[in-house]
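Pasted below: entry38.pdb, PDB, C-alpha atoms.
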ATOM      1  CA  MET A 887       3.913  42.493  13.539
ATOM      2  CA  GLU A 888       0.709  41.629  15.395
ATOM      3  CA  LEU A 889       0.933  39.012  18.125
ATOM      4  CA  GLU A 890      -1.023  35.824  17.441
ATOM      5  CA  VAL A 891      -1.915  32.892  19.672
ATOM      6  CA  ARG A 892       0.967  30.872  18.218
ATOM      7  CA  HIS A 893       3.373  33.605  19.352
ATOM      8  CA  LEU A 894       1.948  33.518  22.864
ATOM      9  CA  ARG A 895       2.213  29.709  22.889
ATOM     10  CA  ALA A 896       5.876  29.993  21.934
ATOM     11  CA  VAL A 897       6.587  32.487  24.735
ATOM     12  CA  CYS A 898       4.789  30.275  27.282
ATOM     13  CA  ALA A 899       6.664  27.167  26.093
ATOM     14  CA  ILE A 900      10.033  28.898  26.491
ATOM     15  CA  ALA A 901       9.095  30.039  29.989
ATOM     16  CA  ASP A 902       7.755  26.603  30.994
ATOM     17  CA  THR A 903      10.768  24.653  29.750
ATOM     18  CA  GLY A 904      13.434  27.287  30.441
ATOM     19  CA  SER A 905      15.112  26.332  27.189
ATOM     20  CA  LEU A 906      14.788  27.288  23.528
ATOM     21  CA  HIS A 907      15.807  23.760  22.541
ATOM     22  CA  LYS A 908      13.187  22.056  24.725
ATOM     23  CA  ALA A 909      10.509  24.568  23.796
ATOM     24  CA  ALA A 910      11.169  24.049  20.077
ATOM     25  CA  ARG A 911      10.847  20.284  20.478
ATOM     26  CA  GLN A 912       7.624  20.711  22.452
ATOM     27  CA  LEU A 913       6.214  22.987  19.749
ATOM     28  CA  GLY A 914       7.327  20.715  16.913
ATOM     29  CA  MET A 915       9.657  23.211  15.268
ATOM     30  CA  SER A 916      13.401  23.720  14.871
ATOM     31  CA  GLN A 917      15.359  25.743  17.412
ATOM     32  CA  PRO A 918      16.578  28.274  14.789
ATOM     33  CA  SER A 919      12.968  28.878  13.716
ATOM     34  CA  LEU A 920      11.877  29.452  17.307
ATOM     35  CA  THR A 921      14.845  31.753  17.935
ATOM     36  CA  THR A 922      13.916  33.823  14.873
ATOM     37  CA  GLN A 923      10.271  33.947  15.951
ATOM     38  CA  LEU A 924      11.234  35.088  19.463
ATOM     39  CA  ARG A 925      13.473  37.810  18.025
ATOM     40  CA  ARG A 926      10.579  39.120  15.901
ATOM     41  CA  ILE A 927       8.224  39.096  18.886
ATOM     42  CA  GLU A 928      10.759  41.024  20.969
ATOM     43  CA  ASP A 929      11.343  43.515  18.141
ATOM     44  CA  SER A 930       7.592  44.045  17.873
ATOM     45  CA  LEU A 931       7.241  44.691  21.608
ATOM     46  CA  GLY A 932      10.383  46.782  21.845
ATOM     47  CA  GLY A 933      12.197  44.803  24.525
ATOM     48  CA  ARG A 934      13.672  41.452  25.479
ATOM     49  CA  LEU A 935      11.342  38.857  26.966
ATOM     50  CA  PHE A 936      14.031  36.476  28.172
ATOM     51  CA  ALA A 937      17.530  36.760  29.531
ATOM     52  CA  ARG A 938      19.696  34.050  27.938
ATOM     53  CA  GLU A 939      21.838  32.573  30.690
ATOM     54  CA  ARG A 940      24.133  29.587  30.921
ATOM     55  CA  THR A 941      21.442  27.638  32.763
ATOM     56  CA  GLY A 942      18.693  28.552  30.288
ATOM     57  CA  CYS A 943      16.154  31.280  29.536
ATOM     58  CA  ARG A 944      14.774  33.427  32.364
ATOM     59  CA  PRO A 945      11.851  35.839  31.831
ATOM     60  CA  THR A 946      12.716  39.527  32.061
ATOM     61  CA  PRO A 947      10.324  41.954  33.804
ATOM     62  CA  LEU A 948       8.715  42.603  30.394
ATOM     63  CA  GLY A 949       8.490  38.853  29.835
ATOM     64  CA  ARG A 950       6.734  38.329  33.161
ATOM     65  CA  VAL A 951       4.164  41.000  32.287
ATOM     66  CA  LEU A 952       3.422  39.354  28.937
ATOM     67  CA  LEU A 953       3.274  35.880  30.473
ATOM     68  CA  SER A 954       0.758  36.996  33.108
ATOM     69  CA  ARG A 955      -1.672  37.872  30.308
ATOM     70  CA  ALA A 956      -0.624  35.210  27.792
ATOM     71  CA  ARG A 957      -1.073  32.102  29.938
ATOM     72  CA  PRO A 958      -4.848  32.477  30.479
ATOM     73  CA  LEU A 959      -5.348  33.203  26.779
ATOM     74  CA  VAL A 960      -3.323  30.168  25.692
ATOM     75  CA  THR A 961      -5.145  27.916  28.165
ATOM     76  CA  GLU A 962      -8.536  29.157  26.990
ATOM     77  CA  MET A 963      -7.615  28.656  23.335
ATOM     78  CA  ARG A 964      -6.309  25.147  24.067
ATOM     79  CA  GLU A 965      -9.587  24.224  25.749
ATOM     80  CA  LEU A 966     -11.563  25.665  22.841
ATOM     81  CA  VAL A 967      -9.544  23.674  20.289
ATOM     82  CA  ALA A 968      -9.868  20.490  22.368
ATOM     83  CA  GLU A 969     -13.626  20.856  22.564
ATOM     84  CA  ALA A 970     -13.898  21.563  18.838
ATOM     85  CA  ARG A 971     -11.744  18.553  17.905
ATOM     86  CA  ALA A 972     -13.688  16.268  20.208
ATOM     87  CA  ALA A 973     -16.946  17.444  18.640
ATOM     88  CA  ALA A 974     -15.521  16.936  15.140
ATOM     89  CA  ALA A 975     -14.368  13.424  16.006
ATOM     90  CA  ARG A 976     -17.828  12.532  17.272
ATOM     91  CA  ALA A 977     -19.457  14.031  14.189
ATOM     92  CA  ASP A 978     -17.173  12.114  11.845
ATOM     93  CA  ASP A 979     -17.652   8.879  13.795
ATOM     94  CA  GLY A 980     -13.859   8.586  13.948
ATOM     95  CA  PRO A 981     -11.781   6.724  16.522
ATOM     96  CA  ASP A 982     -13.059   7.834  19.925
ATOM     97  CA  LEU A 983     -10.139   6.475  21.919
ATOM     98  CA  ARG A 984      -6.862   8.078  20.883
ATOM     99  CA  ILE A 985      -3.858   6.873  22.834
ATOM    100  CA  GLY A 986      -0.217   7.861  22.782
ATOM    101  CA  SER A 987       2.857   6.203  24.208
ATOM    102  CA  THR A 988       6.581   6.399  24.495
ATOM    103  CA  ALA A 989       8.368   3.168  23.546
ATOM    104  CA  SER A 990       7.100   0.191  25.528
ATOM    105  CA  ARG A 991       6.640  -3.542  25.072
ATOM    106  CA  ALA A 992       3.248  -3.103  26.719
ATOM    107  CA  ILE A 993       1.786  -1.365  23.643
ATOM    108  CA  PRO A 994       0.682  -4.486  21.664
ATOM    109  CA  GLY A 995      -1.046  -6.015  24.673
ATOM    110  CA  TRP A 996      -2.642  -2.691  25.581
ATOM    111  CA  LEU A 997      -4.097  -2.253  22.093
ATOM    112  CA  ARG A 998      -5.291  -5.862  22.016
ATOM    113  CA  ARG A 999      -7.156  -5.450  25.288
ATOM    114  CA  LEU A1000      -8.636  -2.073  24.375
ATOM    115  CA  ARG A1001      -9.961  -3.408  21.070
ATOM    116  CA  ALA A1002     -11.491  -6.416  22.790
ATOM    117  CA  ARG A1003     -13.092  -4.351  25.538
ATOM    118  CA  HIS A1004     -14.219  -1.384  23.421
ATOM    119  CA  ALA A1005     -15.286  -3.000  20.170
ATOM    120  CA  GLN A1006     -16.784   0.221  18.803
ATOM    121  CA  ALA A1007     -13.992   2.508  19.966
ATOM    122  CA  ARG A1008     -11.419   1.600  17.304
ATOM    123  CA  PRO A1009      -8.452   2.782  19.416
ATOM    124  CA  SER A1010      -5.703   4.607  17.526
ATOM    125  CA  ILE A1011      -2.065   4.840  18.649
ATOM    126  CA  GLN A1012       0.571   7.551  18.280
ATOM    127  CA  THR A1013       4.101   6.980  19.526
ATOM    128  CA  ASP A1014       6.808   9.534  20.226
ATOM    129  CA  VAL A1015      10.207   9.518  21.932
ATOM    130  CA  SER A1016       9.225  12.707  23.761
ATOM    131  CA  ALA A1017       6.988  12.272  26.793
ATOM    132  CA  ASP A1018       6.522  16.034  26.978
ATOM    133  CA  ALA A1019       5.316  16.130  23.365
ATOM    134  CA  LEU A1020       2.719  13.426  24.070
ATOM    135  CA  VAL A1021       1.506  15.210  27.196
ATOM    136  CA  ARG A1022       1.129  18.383  25.133
ATOM    137  CA  LEU A1023      -0.991  16.470  22.593
ATOM    138  CA  VAL A1024      -3.261  15.324  25.408
ATOM    139  CA  ALA A1025      -3.548  18.887  26.709
ATOM    140  CA  ASP A1026      -4.336  20.151  23.201
ATOM    141  CA  GLY A1027      -7.099  17.569  22.736
ATOM    142  CA  GLN A1028      -5.323  15.584  20.039
ATOM    143  CA  LEU A1029      -4.973  12.510  22.287
ATOM    144  CA  ASP A1030      -7.252  11.182  25.012
ATOM    145  CA  VAL A1031      -4.549   9.481  27.096
ATOM    146  CA  ALA A1032      -0.794   8.968  26.891
ATOM    147  CA  PHE A1033       1.450   6.379  28.569
ATOM    148  CA  VAL A1034       4.729   8.134  29.313
ATOM    149  CA  HIS A1035       8.031   7.576  31.102
ATOM    150  CA  GLU A1036       9.413  10.241  33.458
ATOM    151  CA  VAL A1037      13.173   9.842  33.988
ATOM    152  CA  GLU A1038      14.439  10.563  37.501
ATOM    153  CA  GLY A1039      15.731  14.116  37.744
ATOM    154  CA  SER A1040      13.790  15.288  34.671
ATOM    155  CA  PRO A1041      10.196  15.859  35.805
ATOM    156  CA  LEU A1042       7.496  16.159  33.172
ATOM    157  CA  HIS A1043       5.594  19.393  32.797
ATOM    158  CA  LEU A1044       1.939  18.476  33.297
ATOM    159  CA  PRO A1045      -0.318  21.355  32.194
ATOM    160  CA  PRO A1046      -3.004  22.360  34.711
ATOM    161  CA  GLY A1047      -6.214  20.397  34.436
ATOM    162  CA  LEU A1048      -4.745  17.085  33.262
ATOM    163  CA  ALA A1049      -5.358  13.936  35.284
ATOM    164  CA  HIS A1050      -2.835  11.134  35.736
ATOM    165  CA  ARG A1051      -2.316   7.758  37.367
ATOM    166  CA  VAL A1052       1.000   6.213  38.344
ATOM    167  CA  LEU A1053       1.485   2.723  36.938
ATOM    168  CA  MET A1054       4.866   2.241  38.620
ATOM    169  CA  GLU A1055       6.521   4.712  40.939
ATOM    170  CA  ARG A1056      10.056   3.612  40.071
ATOM    171  CA  GLU A1057      10.787   1.183  37.274
ATOM    172  CA  PRO A1058      14.482   0.181  37.337
ATOM    173  CA  GLN A1059      16.448   0.656  34.164
ATOM    174  CA  PHE A1060      18.592  -2.269  33.044
ATOM    175  CA  VAL A1061      21.617  -2.435  30.774
ATOM    176  CA  SER A1062      21.974  -4.238  27.451
ATOM    177  CA  LEU A1063      25.410  -5.532  26.489
ATOM    178  CA  ALA A1064      26.970  -8.074  24.182
ATOM    179  CA  ALA A1065      26.268 -11.661  25.178
ATOM    180  CA  ASP A1066      30.024 -12.376  25.335
ATOM    181  CA  HIS A1067      30.781  -9.288  27.464
ATOM    182  CA  PRO A1068      32.503 -10.461  30.706
ATOM    183  CA  ALA A1069      29.893  -8.625  32.801
ATOM    184  CA  ALA A1070      27.083 -10.591  31.134
ATOM    185  CA  ALA A1071      28.133 -13.603  33.201
ATOM    186  CA  ARG A1072      26.922 -11.804  36.328
ATOM    187  CA  THR A1073      23.321 -11.857  37.558
ATOM    188  CA  THR A1074      23.580  -8.162  38.359
ATOM    189  CA  VAL A1075      26.043  -5.871  36.590
ATOM    190  CA  ARG A1076      28.170  -3.351  38.472
ATOM    191  CA  LEU A1077      28.748  -0.040  36.735
ATOM    192  CA  ALA A1078      32.448  -0.472  37.521
ATOM    193  CA  ASP A1079      32.410  -3.560  35.271
ATOM    194  CA  LEU A1080      31.475  -1.246  32.368
ATOM    195  CA  ALA A1081      34.130   1.408  33.021
ATOM    196  CA  GLY A1082      35.901   0.704  29.747
ATOM    197  CA  ASP A1083      32.790   0.621  27.573
ATOM    198  CA  GLN A1084      31.262   3.228  25.323
ATOM    199  CA  TRP A1085      27.621   4.081  26.031
ATOM    200  CA  MET A1086      25.023   4.980  23.435
ATOM    201  CA  ILE A1087      22.018   7.166  24.167
ATOM    202  CA  ASP A1088      19.220   8.652  22.092
ATOM    203  CA  PRO A1089      19.400  12.390  22.949
ATOM    204  CA  THR A1090      15.860  12.997  21.657
ATOM    205  CA  VAL A1091      14.329  10.918  24.476
ATOM    206  CA  ASP A1092      13.333  13.352  27.220
ATOM    207  CA  GLY A1093      15.570  13.107  30.267
ATOM    208  CA  GLU A1094      17.555  10.018  29.270
ATOM    209  CA  ARG A1095      20.854  11.761  28.516
ATOM    210  CA  SER A1096      20.842  13.736  31.763
ATOM    211  CA  GLY A1097      19.790  10.630  33.689
ATOM    212  CA  LEU A1098      22.610   8.564  32.206
ATOM    213  CA  LEU A1099      25.190  11.287  32.866
ATOM    214  CA  ARG A1100      24.077  11.617  36.477
ATOM    215  CA  MET A1101      24.239   7.849  37.003
ATOM    216  CA  LEU A1102      27.745   7.608  35.544
ATOM    217  CA  ARG A1103      28.975  10.700  37.369
ATOM    218  CA  GLU A1104      27.799   9.350  40.726
ATOM    219  CA  ALA A1105      29.638   6.101  39.969
ATOM    220  CA  GLY A1106      32.816   8.056  39.228
ATOM    221  CA  LEU A1107      32.815   7.105  35.540
ATOM    222  CA  THR A1108      33.441   9.353  32.545
ATOM    223  CA  PRO A1109      33.103   7.038  29.535
ATOM    224  CA  ARG A1110      32.657   8.133  25.954
ATOM    225  CA  ILE A1111      28.995   8.626  25.090
ATOM    226  CA  LEU A1112      27.696   8.228  21.544
ATOM    227  CA  HIS A1113      24.392   9.571  20.264
ATOM    228  CA  GLY A1114      22.106   7.479  18.098
ATOM    229  CA  ASP A1115      18.700   5.846  17.851
ATOM    230  CA  TYR A1116      18.024   2.632  19.731
ATOM    231  CA  LEU A1117      17.652   0.519  16.596
ATOM    232  CA  THR A1118      21.254   1.352  15.708
ATOM    233  CA  ALA A1119      22.240   0.918  19.339
ATOM    234  CA  ALA A1120      20.924  -2.655  19.425
ATOM    235  CA  THR A1121      23.117  -3.558  16.470
ATOM    236  CA  LEU A1122      26.201  -2.003  18.076
ATOM    237  CA  VAL A1123      25.462  -3.630  21.427
ATOM    238  CA  ALA A1124      25.407  -7.045  19.767
ATOM    239  CA  THR A1125      28.827  -6.429  18.214
ATOM    240  CA  GLY A1126      30.284  -5.240  21.513
ATOM    241  CA  ASP A1127      30.852  -1.649  20.382
ATOM    242  CA  VAL A1128      28.554  -0.041  22.959
ATOM    243  CA  VAL A1129      26.369  -0.708  25.982
ATOM    244  CA  THR A1130      23.014   1.006  26.565
ATOM    245  CA  VAL A1131      20.435   1.610  29.233
ATOM    246  CA  CYS A1132      17.238  -0.300  28.466
ATOM    247  CA  GLN A1133      13.785  -0.952  29.888
ATOM    248  CA  PRO A1134      13.528  -4.019  32.144
ATOM    249  CA  THR A1135      10.889  -5.515  29.858
ATOM    250  CA  SER A1136      13.546  -5.766  27.128
ATOM    251  CA  ARG A1137      14.400  -9.308  26.139
ATOM    252  CA  GLY A1138      17.828 -10.725  25.557
ATOM    253  CA  ARG A1139      18.937 -12.386  22.311
ATOM    254  CA  PRO A1140      21.600 -14.944  21.520
ATOM    255  CA  ASP A1141      24.001 -12.072  20.769
ATOM    256  CA  MET A1142      22.768  -9.590  23.404
ATOM    257  CA  ALA A1143      22.202  -9.837  27.158
ATOM    258  CA  VAL A1144      19.918  -7.736  29.347
ATOM    259  CA  ARG A1145      20.908  -7.386  32.995
ATOM    260  CA  PRO A1146      19.845  -5.306  36.007
ATOM    261  CA  LEU A1147      22.357  -2.820  37.387
ATOM    262  CA  GLU A1148      23.613  -3.282  40.928
ATOM    263  CA  GLY A1149      21.827  -0.892  43.250
ATOM    264  CA  ASP A1150      19.337   0.151  40.552
ATOM    265  CA  PRO A1151      20.999   3.560  40.075
ATOM    266  CA  LEU A1152      18.543   4.781  37.436
ATOM    267  CA  GLY A1153      14.763   4.624  37.469
ATOM    268  CA  VAL A1154      11.742   6.062  35.700
ATOM    269  CA  ARG A1155       8.180   6.742  36.817
ATOM    270  CA  LEU A1156       5.470   5.291  34.574
ATOM    271  CA  LEU A1157       2.388   7.481  34.146
ATOM    272  CA  LEU A1158      -0.869   7.392  32.264
ATOM    273  CA  VAL A1159      -1.925  10.975  31.544
ATOM    274  CA  GLY A1160      -5.400  11.939  30.405
ATOM    275  CA  ARG A1161      -7.730  14.887  30.052
ATOM    276  CA  THR A1162     -10.265  13.455  32.491
ATOM    277  CA  GLU A1163     -10.524  10.738  35.139
ATOM    278  CA  ALA A1164     -13.173   9.074  32.982
ATOM    279  CA  GLU A1165     -10.748   8.702  30.066
ATOM    280  CA  LEU A1166      -8.075   7.342  32.405
ATOM    281  CA  GLY A1167     -10.603   4.843  33.707
ATOM    282  CA  ARG A1168     -11.284   3.543  30.198
ATOM    283  CA  ALA A1169      -7.629   2.792  29.521
ATOM    284  CA  TYR A1170      -5.753   2.226  32.781
ATOM    285  CA  ALA A1171      -6.780  -1.331  33.694
ATOM    286  CA  ASP A1172      -5.895  -2.638  30.233
ATOM    287  CA  LEU A1173      -2.547  -0.824  30.295
ATOM    288  CA  GLU A1174      -1.733  -2.223  33.727
ATOM    289  CA  ALA A1175      -2.526  -5.775  32.608
ATOM    290  CA  ALA A1176      -0.506  -5.348  29.403
ATOM    291  CA  TYR A1177       2.493  -3.979  31.300
ATOM    292  CA  TRP A1178       2.649  -6.886  33.731
ATOM    293  CA  GLU A1179       2.154  -9.307  30.862
ATOM    294  CA  ALA A1180       5.226  -7.795  29.176
ATOM    295  CA  ALA A1181       7.109  -7.892  32.471
ATOM    296  CA  GLY A1182       6.359 -11.597  32.826
ATOM    297  CA  GLU A1183       7.865 -12.270  29.398
ATOM    298  CA  SER A1184      11.275 -10.959  30.508
ATOM    299  CA  ALA A1185      13.200 -13.532  32.539
ATOM    300  CA  GLU A1186      15.547 -10.894  33.960
ATOM    301  CA  TYR A1187      12.692  -8.639  35.044
ATOM    302  CA  ARG A1188      10.785 -11.550  36.602
ATOM    303  CA  ALA A1189      13.843 -12.412  38.654
ATOM    304  CA  TRP A1190      14.302  -8.786  39.704
ATOM    305  CA  LEU A1191      10.659  -8.546  40.783
ATOM    306  CA  ARG A1192      11.016 -11.684  42.900
ATOM    307  CA  ARG A1193      13.910  -9.996  44.679
ATOM    308  CA  HIS A1194      11.968  -6.729  45.041
ATOM    309  CA  PRO A1195       8.325  -7.730  45.684
ATOM    310  CA  GLN A1196       7.544  -4.292  47.116
ATOM    311  CA  ALA A1197       8.119  -2.711  43.678
ATOM    312  CA  ALA A1198       5.205  -4.487  42.005
TER
END
Translate this structure into structure tokens?
Amino acid sequence: MELEVRHLRAVCAIADTGSLHKAARQLGMSQPSLTTQLRRIEDSLGGRLFARERTGCRPTPLGRVLLSRARPLVTEMRELVAEARAAAARADDGPDLRIGSTASRAIPGWLRRLRARHAQARPSIQTDVSADALVRLVADGQLDVAFVHEVEGSPLHLPPGLAHRVLMEREPQFVSLAADHPAAARTTVRLADLAGDQWMIDPTVDGERSGLLRMLREAGLTPRILHGDYLTAATLVATGDVVTVCQPTSRGRPDMAVRPLEGDPLGVRLLLVGRTEAELGRAYADLEAAYWEAAGESAEYRAWLRRHPQAA
């Protein structure tokens, strides 16, 4: 077996993330497929590249040797592909402003402003639950900028050479619960008031599961945690079956309340990531305006911001 660039990318991704699971998600493949590919690479080289430990994957001495040569090659190939795709996009007169985003109520307003400001740009949008995946698309030249959420305790891996701006250093995460839940009568919900509730989390969203577990552990709670997508979660919240963490721009409904958590125990950093400062400059002001527009449409978030003017 001859090593190809895709094999080197896989080895670098495993080293960067320290996890076969995270690396597979970053590469857009299944974990079993990545495990098989790694085994073939190791068989070809005649030695193990990673030691599989309880805390993750750690490069062996052979792995460190390969990585020292692989990283520059992968970076150079990524830059070459990015340049080629950018040239192809210009030649085809395709959309010249390609944006990505994790879930956010700011997206419609952002697109509206970009289209009004850059009439010839025809902005395109790609959404993903994985902030790391979007950042990788920016690094690979498939997106110009990406608006992403970085959960406390789970820092994003920003490849060298990318630029970024911080929209909000720490956005508090709220909780959504049934409108008739006893805690919904409070202006601010205490985690202790939710001790008997089940929580639902989407495990595919980078950092959210670990962030939720840390928050609950520090509060001395060990509730049952269900996995599911947030569309399903909203339905189960309304029926009182679960509670969930939610963005503060979320809006309540007649059957569902959105409330801040006492002490703001969980936060995320909001970033706009781009390949160049120039591309960030084209998109940041419109994103900022769209975000605060969405914030103003949430009564609970408006009230929180009045109590915490330093956060804005």
Please identify all polymer residues within 10 Å of Pro947 in chain A, counting all atoms listed in the file, omitting same-chain residues fewer than 5 positions from it, and present them as number ranges by chain.
-> A: 933-937, 952-953
Residue neighbourhood Val1144 in chain A, 10 Å, all atoms listed in the file, exclusion window fewer than 6 positions, as an MDAnalysis selection string = chainID A and resid 1060:1065 1070 1073:1075 1130:1138 1184:1187
Go ahead and save the picked residues with C-alpha atoms, as a short mmCIF file (atom, residue, chain, number, x, y, z; two decimals), in the coordinates of the input.
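What landed in again.cif:
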data_model
loop_
_atom_site.label_atom_id
_atom_site.label_comp_id
_atom_site.auth_asym_id
_atom_site.auth_seq_id
_atom_site.Cartn_x
_atom_site.Cartn_y
_atom_site.Cartn_z
CA PHE A 1060 18.59 -2.27 33.04
CA VAL A 1061 21.62 -2.44 30.77
CA SER A 1062 21.97 -4.24 27.45
CA LEU A 1063 25.41 -5.53 26.49
CA ALA A 1064 26.97 -8.07 24.18
CA ALA A 1065 26.27 -11.66 25.18
CA ALA A 1070 27.08 -10.59 31.13
CA THR A 1073 23.32 -11.86 37.56
CA THR A 1074 23.58 -8.16 38.36
CA VAL A 1075 26.04 -5.87 36.59
CA THR A 1130 23.01 1.01 26.56
CA VAL A 1131 20.43 1.61 29.23
CA CYS A 1132 17.24 -0.30 28.47
CA GLN A 1133 13.78 -0.95 29.89
CA PRO A 1134 13.53 -4.02 32.14
CA THR A 1135 10.89 -5.52 29.86
CA SER A 1136 13.55 -5.77 27.13
CA ARG A 1137 14.40 -9.31 26.14
CA GLY A 1138 17.83 -10.72 25.56
CA SER A 1184 11.28 -10.96 30.51
CA ALA A 1185 13.20 -13.53 32.54
CA GLU A 1186 15.55 -10.89 33.96
CA TYR A 1187 12.69 -8.64 35.04
#
Could you check which of A:Ala956, A:Ala992, A:Leu894, A:Met1142 is closest to Ala1180 in chain A, using only C-alpha atoms?
-> A:Ala992
Range 903-915 of chain A environment, 12 Å, all atoms listed in the file, sequence neighbours closer than 6 positions dropped, as an mmCIF file with C-alpha atoms, in the coordinates of the input:
data_model
loop_
_atom_site.group_PDB
_atom_site.id
_atom_site.type_symbol
_atom_site.label_atom_id
_atom_site.label_comp_id
_atom_site.auth_asym_id
_atom_site.auth_seq_id
_atom_site.Cartn_x
_atom_site.Cartn_y
_atom_site.Cartn_z
ATOM 1 C CA ARG A 892 0.967 30.872 18.218
ATOM 2 C CA HIS A 893 3.373 33.605 19.352
ATOM 3 C CA LEU A 894 1.948 33.518 22.864
ATOM 4 C CA ARG A 895 2.213 29.709 22.889
ATOM 5 C CA ALA A 896 5.876 29.993 21.934
ATOM 6 C CA VAL A 897 6.587 32.487 24.735
ATOM 7 C CA THR A 921 14.845 31.753 17.935
ATOM 8 C CA THR A 922 13.916 33.823 14.873
ATOM 9 C CA GLN A 923 10.271 33.947 15.951
ATOM 10 C CA LEU A 924 11.234 35.088 19.463
ATOM 11 C CA ARG A 925 13.473 37.810 18.025
ATOM 12 C CA PHE A 936 14.031 36.476 28.172
ATOM 13 C CA ALA A 937 17.530 36.760 29.531
ATOM 14 C CA ARG A 938 19.696 34.050 27.938
ATOM 15 C CA GLU A 939 21.838 32.573 30.690
ATOM 16 C CA ARG A 940 24.133 29.587 30.921
ATOM 17 C CA THR A 941 21.442 27.638 32.763
ATOM 18 C CA GLY A 942 18.693 28.552 30.288
ATOM 19 C CA CYS A 943 16.154 31.280 29.536
ATOM 20 C CA ARG A 944 14.774 33.427 32.364
ATOM 21 C CA PRO A 945 11.851 35.839 31.831
ATOM 22 C CA ASP A 1014 6.808 9.534 20.226
ATOM 23 C CA VAL A 1015 10.207 9.518 21.932
ATOM 24 C CA SER A 1016 9.225 12.707 23.761
ATOM 25 C CA ALA A 1017 6.988 12.272 26.793
ATOM 26 C CA ASP A 1018 6.522 16.034 26.978
ATOM 27 C CA ALA A 1019 5.316 16.130 23.365
ATOM 28 C CA LEU A 1020 2.719 13.426 24.070
ATOM 29 C CA VAL A 1021 1.506 15.210 27.196
ATOM 30 C CA ARG A 1022 1.129 18.383 25.133
ATOM 31 C CA LEU A 1023 -0.991 16.470 22.593
ATOM 32 C CA ASP A 1026 -4.336 20.151 23.201
ATOM 33 C CA SER A 1040 13.790 15.288 34.671
ATOM 34 C CA PRO A 1041 10.196 15.859 35.805
ATOM 35 C CA LEU A 1042 7.496 16.159 33.172
ATOM 36 C CA HIS A 1043 5.594 19.393 32.797
ATOM 37 C CA LEU A 1044 1.939 18.476 33.297
ATOM 38 C CA PRO A 1045 -0.318 21.355 32.194
ATOM 39 C CA PRO A 1089 19.400 12.390 22.949
ATOM 40 C CA THR A 1090 15.860 12.997 21.657
ATOM 41 C CA VAL A 1091 14.329 10.918 24.476
ATOM 42 C CA ASP A 1092 13.333 13.352 27.220
ATOM 43 C CA GLY A 1093 15.570 13.107 30.267
#
Name the closest residue to Pro1109 in chain A among the candidates A:Ser954, A:Gln1084, A:Thr1125, A:Ser1096; distances are taken between atoms, counting all atoms listed in the file.
-> A:Gln1084
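Between CA of Ala1049 in chain A and CA of Leu1157 in chain A lies a distance of 10.1 Å.
The smallest atom-to-atom distance between Glu1094 in chain A and any of A:Val1031, A:Ala1071, A:Val1037, A:Ala1143, using only C-alpha atoms, is found for A:Val1037.
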Mind filling out range 1106-1118 of chain A with N, CA and C atoms and sending it as a short mmCIF file (atom, residue, chain, number, x, y, z; two decimals), keeping the file's coordinate frame?
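Writing the result to result.cif gives the following:
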data_model
loop_
_atom_site.label_atom_id
_atom_site.label_comp_id
_atom_site.auth_asym_id
_atom_site.auth_seq_id
_atom_site.Cartn_x
_atom_site.Cartn_y
_atom_site.Cartn_z
N GLY A 1106 31.43 7.67 39.47
CA GLY A 1106 32.82 8.06 39.23
C GLY A 1106 33.32 7.68 37.86
N LEU A 1107 32.43 7.52 36.89
CA LEU A 1107 32.82 7.10 35.54
C LEU A 1107 32.64 8.26 34.56
N THR A 1108 33.53 8.34 33.61
CA THR A 1108 33.44 9.35 32.54
C THR A 1108 33.70 8.69 31.20
N PRO A 1109 32.87 7.75 30.80
CA PRO A 1109 33.10 7.04 29.54
C PRO A 1109 32.71 7.90 28.34
N ARG A 1110 33.09 7.46 27.17
CA ARG A 1110 32.66 8.13 25.95
C ARG A 1110 31.20 7.81 25.70
N ILE A 1111 30.42 8.81 25.34
CA ILE A 1111 29.00 8.63 25.09
C ILE A 1111 28.69 8.97 23.64
N LEU A 1112 28.08 8.03 22.93
CA LEU A 1112 27.70 8.23 21.54
C LEU A 1112 26.21 8.50 21.46
N HIS A 1113 25.80 9.27 20.49
CA HIS A 1113 24.39 9.57 20.26
C HIS A 1113 23.89 8.77 19.07
N GLY A 1114 22.69 8.22 19.20
CA GLY A 1114 22.11 7.48 18.10
C GLY A 1114 20.75 6.95 18.50
N ASP A 1115 20.01 6.42 17.54
CA ASP A 1115 18.70 5.85 17.85
C ASP A 1115 18.90 4.44 18.40
N TYR A 1116 17.86 3.91 19.05
CA TYR A 1116 18.02 2.63 19.73
C TYR A 1116 18.02 1.43 18.78
N LEU A 1117 17.53 1.59 17.57
CA LEU A 1117 17.65 0.52 16.60
C LEU A 1117 19.12 0.32 16.23
N THR A 1118 19.81 1.42 15.97
CA THR A 1118 21.25 1.35 15.71
C THR A 1118 21.99 0.85 16.93
#
